[in-house]
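Have a look at structure-v8.csv; it's CSV, C-alpha atoms:
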```csv
chain,number,residue,atom,x,y,z
K,191,THR,CA,0.0,0.0,0.0
K,192,GLN,CA,1.0,3.6,-0.6
K,193,PRO,CA,1.5,5.9,2.3
K,194,GLN,CA,-1.3,8.4,2.8
K,195,GLY,CA,-0.8,11.5,0.7
K,196,ALA,CA,1.6,9.9,-1.8
K,197,GLY,CA,-0.9,10.5,-4.7
K,198,PRO,CA,-1.0,14.3,-4.7
K,199,ARG,CA,2.8,14.6,-4.6
K,200,VAL,CA,3.1,12.5,-7.7
K,201,LEU,CA,0.6,14.9,-9.5
K,202,PHE,CA,2.9,17.9,-8.8
K,203,GLN,CA,6.3,16.4,-9.5
K,204,PRO,CA,8.1,18.6,-12.0
K,205,ILE,CA,8.2,17.6,-15.7
K,206,ALA,CA,11.4,18.1,-17.6
K,207,ASP,CA,9.9,17.3,-21.1
K,208,LEU,CA,6.2,17.4,-22.0
K,209,THR,CA,6.7,15.2,-25.0
K,210,THR,CA,7.8,12.2,-22.8
K,211,ALA,CA,5.7,13.0,-19.8
K,212,ILE,CA,2.3,13.0,-21.5
K,213,GLY,CA,1.2,9.5,-21.8
K,214,LEU,CA,-0.3,8.0,-25.0
K,215,ASN,CA,-4.0,8.1,-23.8
K,216,ASP,CA,-3.7,11.8,-22.8
K,217,LYS,CA,-1.8,12.6,-26.0
K,218,PHE,CA,-4.6,11.1,-28.1
K,219,SER,CA,-7.2,12.8,-26.0
K,220,PHE,CA,-5.5,16.2,-26.4
K,221,ILE,CA,-5.1,15.7,-30.2
K,222,SER,CA,-8.7,14.6,-30.6
K,223,GLU,CA,-10.4,17.1,-28.3
K,224,LEU,CA,-8.3,20.2,-28.3
K,225,PHE,CA,-6.5,20.0,-31.7
K,226,ALA,CA,-9.2,18.7,-34.0
K,227,ASN,CA,-7.3,15.5,-34.7
K,228,ASN,CA,-4.3,17.6,-36.0
K,229,SER,CA,-1.3,15.8,-34.6
K,230,ILE,CA,1.1,18.2,-36.3
K,231,GLN,CA,-0.5,21.2,-34.6
K,232,TYR,CA,-0.4,19.4,-31.3
K,233,GLU,CA,3.3,18.5,-31.7
K,234,GLU,CA,4.1,22.1,-32.7
K,235,ALA,CA,2.2,23.5,-29.6
K,236,ILE,CA,3.9,21.0,-27.2
K,237,THR,CA,7.3,21.8,-28.6
K,238,ARG,CA,6.8,25.5,-28.3
K,239,ILE,CA,5.4,25.2,-24.8
K,240,ASN,CA,8.4,23.0,-23.8
K,241,LYS,CA,10.7,25.8,-24.9
K,242,ALA,CA,8.8,28.5,-23.0
K,243,VAL,CA,10.8,30.5,-20.4
K,244,ASN,CA,8.0,30.3,-17.7
K,245,LEU,CA,4.4,29.3,-17.1
K,246,ASP,CA,3.0,32.7,-18.3
K,247,GLU,CA,4.7,32.3,-21.6
K,248,ALA,CA,3.6,28.6,-21.8
K,249,ASN,CA,0.0,29.6,-21.1
K,250,TRP,CA,0.2,32.4,-23.7
K,251,ILE,CA,1.4,29.9,-26.3
K,252,LEU,CA,-1.4,27.4,-25.4
K,253,GLN,CA,-3.9,30.3,-25.8
K,254,LYS,CA,-2.7,30.9,-29.3
K,255,TYR,CA,-4.1,27.4,-30.2
K,256,HIS,CA,-7.5,28.0,-28.5
K,257,THR,CA,-10.6,27.4,-30.5
K,258,PRO,CA,-14.3,27.9,-29.6
K,259,ASP,CA,-14.6,24.1,-29.2
K,260,TRP,CA,-12.3,24.2,-26.2
K,261,ASP,CA,-15.1,25.8,-24.2
K,262,GLN,CA,-16.9,22.4,-24.3
K,263,LYS,CA,-13.8,20.5,-23.3
K,264,GLN,CA,-13.0,21.9,-19.9
K,265,GLU,CA,-11.9,18.6,-18.4
K,266,THR,CA,-9.4,18.0,-21.1
K,267,LEU,CA,-8.2,21.6,-21.0
K,268,VAL,CA,-7.6,21.3,-17.2
K,269,ARG,CA,-5.6,18.1,-17.8
K,270,ILE,CA,-3.3,19.7,-20.4
K,271,ARG,CA,-2.9,22.8,-18.2
K,272,GLU,CA,-1.8,20.6,-15.3
K,273,PHE,CA,0.9,19.0,-17.4
K,274,ILE,CA,2.1,22.5,-18.4
K,275,LYS,CA,2.0,23.7,-14.8
K,276,ARG,CA,4.2,20.8,-13.7
K,277,ARG,CA,6.6,21.6,-16.5
K,278,PHE,CA,7.3,25.0,-14.8
K,279,VAL,CA,7.2,24.0,-11.1
```
What is this file in structure tokens?
Amino acid sequence: TQPQGAGPRVLFQPIADLTTAIGLNDKFSFISELFANNSIQYEEAITRINKAVNLDEANWILQKYHTPDWDQKQETLVRIREFIKRRFV
């Protein structure tokens, strides 16, 4: 069994590289729901976010890819933002 409280710490462990930290299921979900099945646009966004200097810049980059469809995808948007936040912890 895991010690109590071990789960939340794992969620906030820093990420060095989003391309390797985002699992296959999340990647497909992000491509499908946030990038309209455009894997090239997803890869471009993640690469640019990875190179961002700080969280503000990363969020600004993500916002550049925003479409009206995202308003209906809040759960997926929260998940990708959590990954981005961990990249800049």
> Near Leu224 in chain K, within 9 Å and counting only C-alpha atoms, which residues show up once chain neighbours fewer than 2 positions away are dropped, as number ranges by chain?
Replying inline: K: 219-222, 226-227, 232, 255-257, 259-260, 263, 266-267
Convert the current residue selection to file output with C-alpha atoms, as a compact mmCIF listing (two decimals), in the coordinates of the input.
```txt
# COMPACT_ATOMS: atom_id res chain seq x y z
CA SER K 219 -7.20 12.80 -26.00
CA PHE K 220 -5.50 16.20 -26.40
CA ILE K 221 -5.10 15.70 -30.20
CA SER K 222 -8.70 14.60 -30.60
CA ALA K 226 -9.20 18.70 -34.00
CA ASN K 227 -7.30 15.50 -34.70
CA TYR K 232 -0.40 19.40 -31.30
CA TYR K 255 -4.10 27.40 -30.20
CA HIS K 256 -7.50 28.00 -28.50
CA THR K 257 -10.60 27.40 -30.50
CA ASP K 259 -14.60 24.10 -29.20
CA TRP K 260 -12.30 24.20 -26.20
CA LYS K 263 -13.80 20.50 -23.30
CA THR K 266 -9.40 18.00 -21.10
CA LEU K 267 -8.20 21.60 -21.00
```
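Each of K:Arg276, K:Leu245, K:Ala235, K:Val268 was checked against Asp207 in chain K using all atoms listed in the file; the smallest atom-to-atom distance is that of K:Arg276.
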> Which residue, K:Thr209, K:Phe278, K:Gln262, K:Ile230, has the smallest gap to Val243 in chain K when you use only C-alpha atoms?
Replying inline: K:Phe278
>> With all atoms listed in the file as the counted atoms, please give the residues lying no more than 8 Å from Ile274 in chain K, apart from itself and same-chain residues fewer than 2 positions off, as a ChimeraX atom specification.
In response: /K:208,239,245,248-249,270-272,276-278
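For the pair CA of Asn228 in chain K and CA of Asn244 in chain K, the interatomic distance is 25.4 Å.
Atom to atom, CA of Phe202 in chain K and CA of Arg269 in chain K stand 12.4 Å apart.
Residue nearest Leu252 in chain K within the list K:Val279, K:Leu214, K:Ala206, K:Ile236: K:Ile236 [criterion: smallest interatomic distance, all atoms listed in the file].
The space between CA of Ala242 in chain K and CA of Lys275 in chain K spans 11.7 Å.
Between Gln264 in chain K and the residues K:Pro204, K:Glu223, K:Lys217, K:Asn240, the shortest atom-to-atom distance, using only C-alpha atoms, involves K:Glu223.
If you measure from each of K:Asn215, K:Gln231, K:Lys241, K:Phe273 to Lys254 in chain K using all atoms listed in the file, the closest one turns out to be K:Gln231.
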